[in-house]
Amino acid sequence: MIFLTPVIAIIAAAVAIPALVILYFLKLKRRDVEISTTLLWKKAIQDLQANAPFQRLRNNILLILQLLALLAALLALAQPELSRGIGAGDKHVIVIDRSASMRTADGDPDNPAGERTRLEQAKREASKLVDSMREPGLLGAAGDEAMVVAFDTVADRVQNFTSSKAELKRAIEGITQTDAPTRFGPAFDTARALARTIMEEGKGLVNAGTNATIHLFSDGRLPDLDQLRPGADDRLVYYPIGRTDSANLGIVGLRAERAFDEPAKLSIFVSVQNTAKQPRKTDVQLAVDGQVVGVREVTIPAARVESVEQGAGDANPGEGTKAPDGTKPTGTTAATVEQGLPGISGVVFSVDRAQGGLFTIQLRPTLPEGTPSDPLATDNFGYLVVPPAKRLAVALVTSGNLFLRGALEALPLAKLDVLTPGQGASLFDSAGKPTGVYDVYVLDGWLPTVPTRDGKAPASSTGPGLPQARVLAFNVNPPPPLGMLDVGPGEATVVLKHERDHPALRNIAIDALTISGTRKLSLPPGSGSRVLAEGVNGPLIFEVSDLGTRALVVTFDLLASNWPLDAGFVLFVAQGTAYLGQDAADTTASQIRPGQTIEQTLPTGAGSPRVTVPDGTRRDLLLNPDGRVVFGPAESVGMYTLSWAGSPGPTDTVAEGRARRPFASNLLDSRESDLATAPPSALTSLLFNAQAGQRPQSPTRLWPWLLIGALVVMVVEWFVYNRKVAI
């Protein structure tokens, strides 16, 4: 039991109790009256003796009752409480997970089949934690302070340190659900940084001296947990939200592809994940522009469970994982944790559709008996924006690479023009913009002269670089910032790693690729380039997306490798050309993930840009001078529509006098669709000084009962007094 205002009660007791006792020492002032005898006034004489100063008090039931009533009132003034959720401390950081899995409707531990989501339950328990904080006392006595951080892929500080419970609860209630995946690293780093500092008026952020305790309210689905580097003095308390046996069906993979030889034939690939311990059936429904065109039943195998060791050896080496005496803390010892491996299956829809459209995929699972509904509906839907089928017009600039020319001639292109480097200069103007009508430009060992984008060079300087077009380039390395830093000549190399899921490299095995000689390249700091394949000497294939430029760059000479003799080379040329053209229906260009930012370049002359989010809300955007608009991060799954006043782009549509460009936002995250709440051991085995928090309990306030008790005693005292007077 603790007392919130003990000082006030002590001061009041020091005044009230002596005052009550003194009342029984006072001599009553009486009027002198002559009587015949005092025999009948014996009782009056006793009262005179009892009220004589400095005489010992007799046993008096009234005094005892009045003291009891006064003590009860004074104890109520001290505000005693029972069952505090946290111990007395200085500062606390309340971190609440708002990611997609927190939308699962199994938050209430007393009613798992209810409609309360995990986020709602997390906010309820966090509010109880706030209730259990010690309030500031009289005469400047410090109480507990807390701040609130909400996170998904990013972390937002929604309330600074304060001792106001009302402000903390208001901040907690204001946290809204998103469909973004979970990334605990930003939230953990934010909480650690803010836990060590406080804001002081006139001084700004200053060191607080001691670390605050971090209270994590989450279902524990933290994929980046093993990347954290906590210190020995970091204290984390984990409050698991949700059920450890929650099972789920969800869409984890979705794409559309058109056949190279017959672009009107469209294939929709859907991957479905099952985390239940038994096989599950579901209907997969495909709709185009709101009209159902197909339904397929699929059975997904059961999930498998295997035991893995976490925190063993030096899985998390680095500063902060050792105790002050240099030994490894017990929190990082090996721990065996059961890990579920979901069952995966899928379905393929084949559609004859040359025109584009909005494709919606929906799961209609067959639920086990006794299950009221699917626990998470977010991953039961998937969306694809498919542009119309179109044969690409391609320009090839080469000095005579027959392998590259043969690979392009094998594709079903609408047009293929082969030019020499001397002729290729006419394809672009002095600003690096195309002068022709080609969809994709394939450049072999040659780059056009464009304005230099390096901020260190004069504004009027020019040099070889990537044009503002869709480019598939071989045996070149554009200068930074769009290219790589050239360190010097390299040696023979092989592919060390590559992105197998990238549309240009999908289903291509380049592990056997050998290159007799390359340049040593490195990714410049702050570069927006994405490395797709890497060798001993650096990047071999990378992707560039900047302003009007979209390019795939192969940095080595094809003739110095064995790649042209492999069938995968032809497939790479086909997939890379289709990916850059955006019209071969690899829909990744129009797909985003919740938590990502939409960044687009609008046509010249565009104005009044606006984005419509899935719930129908419209938000005006700022148009940058270079024609770019930025919106994000996207918070929900569904369709986003970017619109503007002005002319549309090649694949845009026009409606109600405005150009429109749709984007599909899908979860497609296998970890987020695995709804089993992680047990405390999953965190405590990896984070030193992490512990499982008991369910926060609202404190039991005793002062109302004490006041009721004081009232009862006063009633008893009144009854005794009246009987005594009557006698």
# chains A, B, ... in the order shown; residues from 1 in each chain; ligands from 1
>>> residues_around(residues="stretch 246-256 of chain A", least_positions_apart="2", cutoff="6 Å", atoms="only C-alpha atoms", output="ChimeraX atom specification")
/A:243-244,267-276,379-380,586,668-670,675-676
>>> residues_around(residues="A:Val394", least_positions_apart="4", cutoff="9 Å", atoms="only C-alpha atoms", output="PyMOL selection string")
chain A and resi 408+413-418+438-442+577
>>> write_last_selection(atoms="N, CA and C atoms", output="PDB file, in the first residue's frame")
ATOM      1  N   LEU A 408      16.799  -9.201 -78.169  1.00  0.00           N
ATOM      2  CA  LEU A 408      15.701  -8.260 -78.381  1.00  0.00           C
ATOM      3  C   LEU A 408      14.851  -8.655 -79.588  1.00  0.00           C
ATOM      4  N   LEU A 413       8.101  -7.434 -79.889  1.00  0.00           N
ATOM      5  CA  LEU A 413       8.093  -5.982 -79.789  1.00  0.00           C
ATOM      6  C   LEU A 413       7.320  -5.372 -80.943  1.00  0.00           C
ATOM      7  N   ALA A 414       6.735  -4.224 -80.693  1.00  0.00           N
ATOM      8  CA  ALA A 414       6.060  -3.508 -81.769  1.00  0.00           C
ATOM      9  C   ALA A 414       7.072  -2.893 -82.723  1.00  0.00           C
ATOM     10  N   LYS A 415       8.245  -2.532 -82.171  1.00  0.00           N
ATOM     11  CA  LYS A 415       9.242  -1.863 -83.003  1.00  0.00           C
ATOM     12  C   LYS A 415      10.606  -2.018 -82.367  1.00  0.00           C
ATOM     13  N   LEU A 416      11.622  -2.342 -83.153  1.00  0.00           N
ATOM     14  CA  LEU A 416      13.004  -2.417 -82.680  1.00  0.00           C
ATOM     15  C   LEU A 416      13.897  -1.723 -83.697  1.00  0.00           C
ATOM     16  N   ASP A 417      14.515  -0.623 -83.302  1.00  0.00           N
ATOM     17  CA  ASP A 417      15.446   0.114 -84.145  1.00  0.00           C
ATOM     18  C   ASP A 417      16.840  -0.028 -83.561  1.00  0.00           C
ATOM     19  N   VAL A 418      17.801  -0.420 -84.418  1.00  0.00           N
ATOM     20  CA  VAL A 418      19.183  -0.604 -83.995  1.00  0.00           C
ATOM     21  C   VAL A 418      20.002   0.558 -84.539  1.00  0.00           C
ATOM     22  N   TYR A 438      10.054   6.068 -78.368  1.00  0.00           N
ATOM     23  CA  TYR A 438      10.415   4.739 -77.880  1.00  0.00           C
ATOM     24  C   TYR A 438      10.021   4.595 -76.406  1.00  0.00           C
ATOM     25  N   ASP A 439       9.611   3.372 -76.075  1.00  0.00           N
ATOM     26  CA  ASP A 439       9.248   3.099 -74.682  1.00  0.00           C
ATOM     27  C   ASP A 439      10.481   2.798 -73.833  1.00  0.00           C
ATOM     28  N   VAL A 440      11.436   2.057 -74.387  1.00  0.00           N
ATOM     29  CA  VAL A 440      12.634   1.663 -73.654  1.00  0.00           C
ATOM     30  C   VAL A 440      13.846   1.870 -74.558  1.00  0.00           C
ATOM     31  N   TYR A 441      14.936   2.361 -73.949  1.00  0.00           N
ATOM     32  CA  TYR A 441      16.197   2.558 -74.664  1.00  0.00           C
ATOM     33  C   TYR A 441      17.221   1.580 -74.099  1.00  0.00           C
ATOM     34  N   VAL A 442      17.787   0.723 -74.965  1.00  0.00           N
ATOM     35  CA  VAL A 442      18.794  -0.245 -74.564  1.00  0.00           C
ATOM     36  C   VAL A 442      20.142   0.288 -75.041  1.00  0.00           C
ATOM     37  N   THR A 577      13.194  -5.382 -69.933  1.00  0.00           N
ATOM     38  CA  THR A 577      12.526  -4.480 -70.865  1.00  0.00           C
ATOM     39  C   THR A 577      11.064  -4.295 -70.489  1.00  0.00           C
TER      40      THR A 577
END
>>> closest_atom_pairs(of="stretch 335-420 of chain A", to="stretch 542-562 of chain A", cutoff="10 Å", atoms="only C-alpha atoms", output="tab-separated table")
residue	atom	partner	partner_atom	distance
A:Asn401	CA	A:Leu559	CA	8.4
A:Phe403	CA	A:Leu558	CA	8.7
A:Leu404	CA	A:Leu558	CA	8.7
>>> atom_distance(atom1="atom CA of A:Val573", atom2="atom CA of A:Val397")
14.4 Å
>>> atom_distance(atom1="atom CA of A:Gln121", atom2="atom CA of A:Lys277")
25.8 Å
>>> atom_distance(atom1="atom CA of A:Thr182", atom2="atom CA of A:Ser99")
5.5 Å
>>> select_by_dssp(residues="stretch 410-480 of chain A", states="strand (DSSP E or B)", output="PyMOL selection string")
chain A and resi 415-419+428+434+440-444+449-451+462-464+470-474
>>> write_last_selection(atoms="N, CA and C atoms", output="PDB file, in the first residue's frame")
ATOM      1  N   LYS A 415       8.245  -2.532 -82.171  1.00  0.00           N
ATOM      2  CA  LYS A 415       9.242  -1.863 -83.003  1.00  0.00           C
ATOM      3  C   LYS A 415      10.606  -2.018 -82.367  1.00  0.00           C
ATOM      4  N   LEU A 416      11.622  -2.342 -83.153  1.00  0.00           N
ATOM      5  CA  LEU A 416      13.004  -2.417 -82.680  1.00  0.00           C
ATOM      6  C   LEU A 416      13.897  -1.723 -83.697  1.00  0.00           C
ATOM      7  N   ASP A 417      14.515  -0.623 -83.302  1.00  0.00           N
ATOM      8  CA  ASP A 417      15.446   0.114 -84.145  1.00  0.00           C
ATOM      9  C   ASP A 417      16.840  -0.028 -83.561  1.00  0.00           C
ATOM     10  N   VAL A 418      17.801  -0.420 -84.418  1.00  0.00           N
ATOM     11  CA  VAL A 418      19.183  -0.604 -83.995  1.00  0.00           C
ATOM     12  C   VAL A 418      20.002   0.558 -84.539  1.00  0.00           C
ATOM     13  N   LEU A 419      20.707   1.270 -83.648  1.00  0.00           N
ATOM     14  CA  LEU A 419      21.475   2.442 -84.023  1.00  0.00           C
ATOM     15  C   LEU A 419      22.902   2.312 -83.504  1.00  0.00           C
ATOM     16  N   PHE A 428      18.203  11.979 -77.942  1.00  0.00           N
ATOM     17  CA  PHE A 428      17.974  12.795 -76.751  1.00  0.00           C
ATOM     18  C   PHE A 428      18.387  14.229 -77.035  1.00  0.00           C
ATOM     19  N   PRO A 434      14.096  12.358 -74.146  1.00  0.00           N
ATOM     20  CA  PRO A 434      13.944  11.676 -75.442  1.00  0.00           C
ATOM     21  C   PRO A 434      13.303  12.592 -76.482  1.00  0.00           C
ATOM     22  N   VAL A 440      11.436   2.057 -74.387  1.00  0.00           N
ATOM     23  CA  VAL A 440      12.634   1.663 -73.654  1.00  0.00           C
ATOM     24  C   VAL A 440      13.846   1.870 -74.558  1.00  0.00           C
ATOM     25  N   TYR A 441      14.936   2.361 -73.949  1.00  0.00           N
ATOM     26  CA  TYR A 441      16.197   2.558 -74.664  1.00  0.00           C
ATOM     27  C   TYR A 441      17.221   1.580 -74.099  1.00  0.00           C
ATOM     28  N   VAL A 442      17.787   0.723 -74.965  1.00  0.00           N
ATOM     29  CA  VAL A 442      18.794  -0.245 -74.564  1.00  0.00           C
ATOM     30  C   VAL A 442      20.142   0.288 -75.041  1.00  0.00           C
ATOM     31  N   LEU A 443      21.040   0.582 -74.087  1.00  0.00           N
ATOM     32  CA  LEU A 443      22.329   1.197 -74.395  1.00  0.00           C
ATOM     33  C   LEU A 443      23.436   0.221 -74.071  1.00  0.00           C
ATOM     34  N   ASP A 444      24.298  -0.049 -75.049  1.00  0.00           N
ATOM     35  CA  ASP A 444      25.389  -1.015 -74.885  1.00  0.00           C
ATOM     36  C   ASP A 444      26.727  -0.285 -74.957  1.00  0.00           C
ATOM     37  N   THR A 449      25.230  12.421 -73.850  1.00  0.00           N
ATOM     38  CA  THR A 449      25.707  13.584 -73.116  1.00  0.00           C
ATOM     39  C   THR A 449      24.511  14.312 -72.498  1.00  0.00           C
ATOM     40  N   VAL A 450      24.566  14.439 -71.186  1.00  0.00           N
ATOM     41  CA  VAL A 450      23.451  15.049 -70.449  1.00  0.00           C
ATOM     42  C   VAL A 450      24.028  16.063 -69.464  1.00  0.00           C
ATOM     43  N   PRO A 451      23.189  16.963 -68.932  1.00  0.00           N
ATOM     44  CA  PRO A 451      23.685  17.890 -67.907  1.00  0.00           C
ATOM     45  C   PRO A 451      24.159  17.138 -66.669  1.00  0.00           C
ATOM     46  N   THR A 462      28.352  19.374 -68.716  1.00  0.00           N
ATOM     47  CA  THR A 462      27.696  18.190 -69.268  1.00  0.00           C
ATOM     48  C   THR A 462      28.690  17.042 -69.295  1.00  0.00           C
ATOM     49  N   GLY A 463      28.159  15.846 -69.509  1.00  0.00           N
ATOM     50  CA  GLY A 463      28.997  14.664 -69.587  1.00  0.00           C
ATOM     51  C   GLY A 463      28.141  13.433 -69.809  1.00  0.00           C
ATOM     52  N   PRO A 464      28.776  12.281 -70.029  1.00  0.00           N
ATOM     53  CA  PRO A 464      28.008  11.051 -70.231  1.00  0.00           C
ATOM     54  C   PRO A 464      27.185  10.715 -68.986  1.00  0.00           C
ATOM     55  N   ARG A 470      13.463   5.609 -69.831  1.00  0.00           N
ATOM     56  CA  ARG A 470      13.547   4.241 -69.325  1.00  0.00           C
ATOM     57  C   ARG A 470      14.657   3.531 -70.082  1.00  0.00           C
ATOM     58  N   VAL A 471      15.696   3.137 -69.325  1.00  0.00           N
ATOM     59  CA  VAL A 471      16.942   2.706 -69.937  1.00  0.00           C
ATOM     60  C   VAL A 471      17.359   1.349 -69.384  1.00  0.00           C
ATOM     61  N   LEU A 472      17.749   0.444 -70.292  1.00  0.00           N
ATOM     62  CA  LEU A 472      18.415  -0.807 -69.936  1.00  0.00           C
ATOM     63  C   LEU A 472      19.833  -0.700 -70.486  1.00  0.00           C
ATOM     64  N   ALA A 473      20.823  -0.534 -69.600  1.00  0.00           N
ATOM     65  CA  ALA A 473      22.196  -0.228 -70.016  1.00  0.00           C
ATOM     66  C   ALA A 473      23.135  -1.365 -69.658  1.00  0.00           C
ATOM     67  N   PHE A 474      24.115  -1.627 -70.557  1.00  0.00           N
ATOM     68  CA  PHE A 474      25.118  -2.657 -70.348  1.00  0.00           C
ATOM     69  C   PHE A 474      26.503  -2.039 -70.515  1.00  0.00           C
TER      70      PHE A 474
END
>>> select_by_dssp(residues="stretch 331-440 of chain A", states="helix (DSSP H, G or I)", output="ChimeraX atom specification")
/A:331-332,378-380,402-409,421-427
>>> closest_residue(among="A:Leu392, A:Leu225, A:His502, A:Gly535", to="A:Ala682", atoms="only C-alpha atoms")
A:Leu225
>>> closest_residue(among="A:Thr153, A:Ile96, A:Ala73, A:Thr398", to="A:Val712", atoms="only C-alpha atoms")
A:Ala73
>>> closest_residue(among="A:Val713, A:Arg610, A:Gly242, A:Val348", to="A:Gly294", atoms="only C-alpha atoms")
A:Val348
>>> decode(residues="stretch 216-261 of chain A", atoms="N, CA and C atoms", output="CSV table (one decimal), in the first residue's frame")
chain,number,residue,atom,x,y,z
A,216,LEU,N,6.7,-1.9,-23.3
A,216,LEU,CA,6.3,-2.2,-24.6
A,216,LEU,C,4.9,-3.0,-24.6
A,217,PHE,N,3.9,-2.4,-25.2
A,217,PHE,CA,2.6,-3.1,-25.4
A,217,PHE,C,2.5,-3.5,-26.8
A,218,SER,N,2.6,-4.8,-27.1
A,218,SER,CA,2.7,-5.3,-28.4
A,218,SER,C,2.3,-6.8,-28.4
A,219,ASP,N,2.1,-7.3,-29.6
A,219,ASP,CA,1.9,-8.8,-29.8
A,219,ASP,C,3.3,-9.5,-30.0
A,220,GLY,N,4.3,-8.7,-30.0
A,220,GLY,CA,5.7,-9.2,-30.1
A,220,GLY,C,6.1,-9.7,-31.5
A,221,ARG,N,5.3,-9.4,-32.5
A,221,ARG,CA,5.7,-9.8,-33.9
A,221,ARG,C,6.7,-8.7,-34.4
A,222,LEU,N,8.0,-8.9,-33.9
A,222,LEU,CA,9.0,-7.9,-34.2
A,222,LEU,C,10.1,-8.5,-35.0
A,223,PRO,N,10.1,-8.4,-36.4
A,223,PRO,CA,11.0,-9.1,-37.2
A,223,PRO,C,12.4,-8.6,-37.1
A,224,ASP,N,12.7,-7.4,-36.6
A,224,ASP,CA,14.0,-6.8,-36.5
A,224,ASP,C,14.6,-6.9,-35.1
A,225,LEU,N,14.0,-7.8,-34.3
A,225,LEU,CA,14.4,-7.9,-32.9
A,225,LEU,C,15.9,-8.2,-32.7
A,226,ASP,N,16.4,-9.2,-33.6
A,226,ASP,CA,17.8,-9.6,-33.5
A,226,ASP,C,18.7,-8.5,-34.0
A,227,GLN,N,18.3,-7.4,-34.5
A,227,GLN,CA,19.2,-6.4,-35.0
A,227,GLN,C,19.4,-5.3,-33.9
A,228,LEU,N,18.6,-5.4,-32.8
A,228,LEU,CA,18.8,-4.4,-31.8
A,228,LEU,C,20.1,-4.5,-31.0
A,229,ARG,N,20.6,-3.4,-30.5
A,229,ARG,CA,21.8,-3.4,-29.7
A,229,ARG,C,21.6,-2.7,-28.4
A,230,PRO,N,20.9,-3.4,-27.5
A,230,PRO,CA,20.6,-2.7,-26.2
A,230,PRO,C,21.8,-2.6,-25.3
A,231,GLY,N,21.8,-1.6,-24.4
A,231,GLY,CA,22.8,-1.5,-23.4
A,231,GLY,C,22.5,-2.2,-22.2
A,232,ALA,N,23.5,-2.4,-21.3
A,232,ALA,CA,23.3,-3.2,-20.1
A,232,ALA,C,22.4,-2.4,-19.1
A,233,ASP,N,22.2,-1.1,-19.3
A,233,ASP,CA,21.4,-0.4,-18.4
A,233,ASP,C,20.0,-0.1,-19.0
A,234,ASP,N,19.7,-0.6,-20.1
A,234,ASP,CA,18.4,-0.4,-20.7
A,234,ASP,C,17.4,-1.4,-20.1
A,235,ARG,N,16.3,-0.9,-19.7
A,235,ARG,CA,15.2,-1.7,-19.0
A,235,ARG,C,14.0,-1.8,-19.9
A,236,LEU,N,13.6,-2.9,-20.3
A,236,LEU,CA,12.4,-3.1,-21.1
A,236,LEU,C,11.4,-4.1,-20.5
A,237,VAL,N,10.2,-3.6,-20.3
A,237,VAL,CA,9.1,-4.5,-19.8
A,237,VAL,C,8.1,-4.7,-20.9
A,238,TYR,N,7.9,-6.0,-21.2
A,238,TYR,CA,7.1,-6.4,-22.3
A,238,TYR,C,5.7,-6.9,-21.8
A,239,TYR,N,4.6,-6.3,-22.4
A,239,TYR,CA,3.3,-6.7,-22.0
A,239,TYR,C,2.6,-7.4,-23.2
A,240,PRO,N,2.6,-8.7,-23.3
A,240,PRO,CA,2.1,-9.4,-24.5
A,240,PRO,C,0.6,-9.2,-24.7
A,241,ILE,N,0.2,-8.8,-25.9
A,241,ILE,CA,-1.2,-8.5,-26.2
A,241,ILE,C,-1.7,-9.6,-27.2
A,242,GLY,N,-2.8,-10.2,-26.9
A,242,GLY,CA,-3.4,-11.2,-27.9
A,242,GLY,C,-3.1,-12.6,-27.4
A,243,ARG,N,-3.5,-13.5,-28.3
A,243,ARG,CA,-3.4,-15.0,-27.9
A,243,ARG,C,-2.2,-15.6,-28.7
A,244,THR,N,-1.5,-16.5,-28.0
A,244,THR,CA,-0.4,-17.2,-28.6
A,244,THR,C,-0.8,-18.3,-29.6
A,245,ASP,N,-2.1,-18.6,-29.6
A,245,ASP,CA,-2.5,-19.7,-30.5
A,245,ASP,C,-3.4,-19.1,-31.6
A,246,SER,N,-3.4,-17.8,-31.9
A,246,SER,CA,-4.2,-17.3,-33.0
A,246,SER,C,-3.7,-17.7,-34.3
A,247,ALA,N,-4.6,-18.3,-35.1
A,247,ALA,CA,-4.3,-18.8,-36.5
A,247,ALA,C,-5.0,-17.9,-37.5
A,248,ASN,N,-4.4,-17.9,-38.7
A,248,ASN,CA,-4.8,-16.9,-39.7
A,248,ASN,C,-4.5,-17.4,-41.1
A,249,LEU,N,-5.4,-17.0,-42.0
A,249,LEU,CA,-5.1,-17.2,-43.5
A,249,LEU,C,-4.9,-15.8,-44.0
A,250,GLY,N,-3.9,-15.6,-44.9
A,250,GLY,CA,-3.7,-14.3,-45.4
A,250,GLY,C,-3.0,-14.4,-46.8
A,251,ILE,N,-3.2,-13.4,-47.6
A,251,ILE,CA,-2.5,-13.2,-48.9
A,251,ILE,C,-1.1,-12.7,-48.6
A,252,VAL,N,-0.1,-13.4,-49.0
A,252,VAL,CA,1.3,-12.9,-48.8
A,252,VAL,C,2.1,-12.7,-50.1
A,253,GLY,N,1.5,-13.0,-51.2
A,253,GLY,CA,2.2,-12.8,-52.5
A,253,GLY,C,1.1,-12.5,-53.6
A,254,LEU,N,1.4,-11.5,-54.4
A,254,LEU,CA,0.4,-11.1,-55.5
A,254,LEU,C,1.2,-10.4,-56.6
A,255,ARG,N,0.9,-10.9,-57.8
A,255,ARG,CA,1.5,-10.2,-59.0
A,255,ARG,C,0.7,-10.6,-60.2
A,256,ALA,N,0.9,-9.8,-61.3
A,256,ALA,CA,0.3,-10.1,-62.6
A,256,ALA,C,1.3,-10.0,-63.6
A,257,GLU,N,1.2,-10.9,-64.6
A,257,GLU,CA,2.2,-10.9,-65.7
A,257,GLU,C,1.4,-11.2,-67.0
A,258,ARG,N,1.9,-10.6,-68.1
A,258,ARG,CA,1.3,-10.9,-69.4
A,258,ARG,C,2.4,-11.7,-70.1
A,259,ALA,N,1.9,-12.6,-71.0
A,259,ALA,CA,2.7,-13.5,-71.8
A,259,ALA,C,3.5,-12.6,-72.8
A,260,PHE,N,4.8,-13.0,-72.9
A,260,PHE,CA,5.6,-12.2,-73.9
A,260,PHE,C,5.1,-12.3,-75.3
A,261,ASP,N,4.7,-13.5,-75.7
A,261,ASP,CA,4.3,-13.7,-77.1
A,261,ASP,C,2.8,-13.3,-77.3
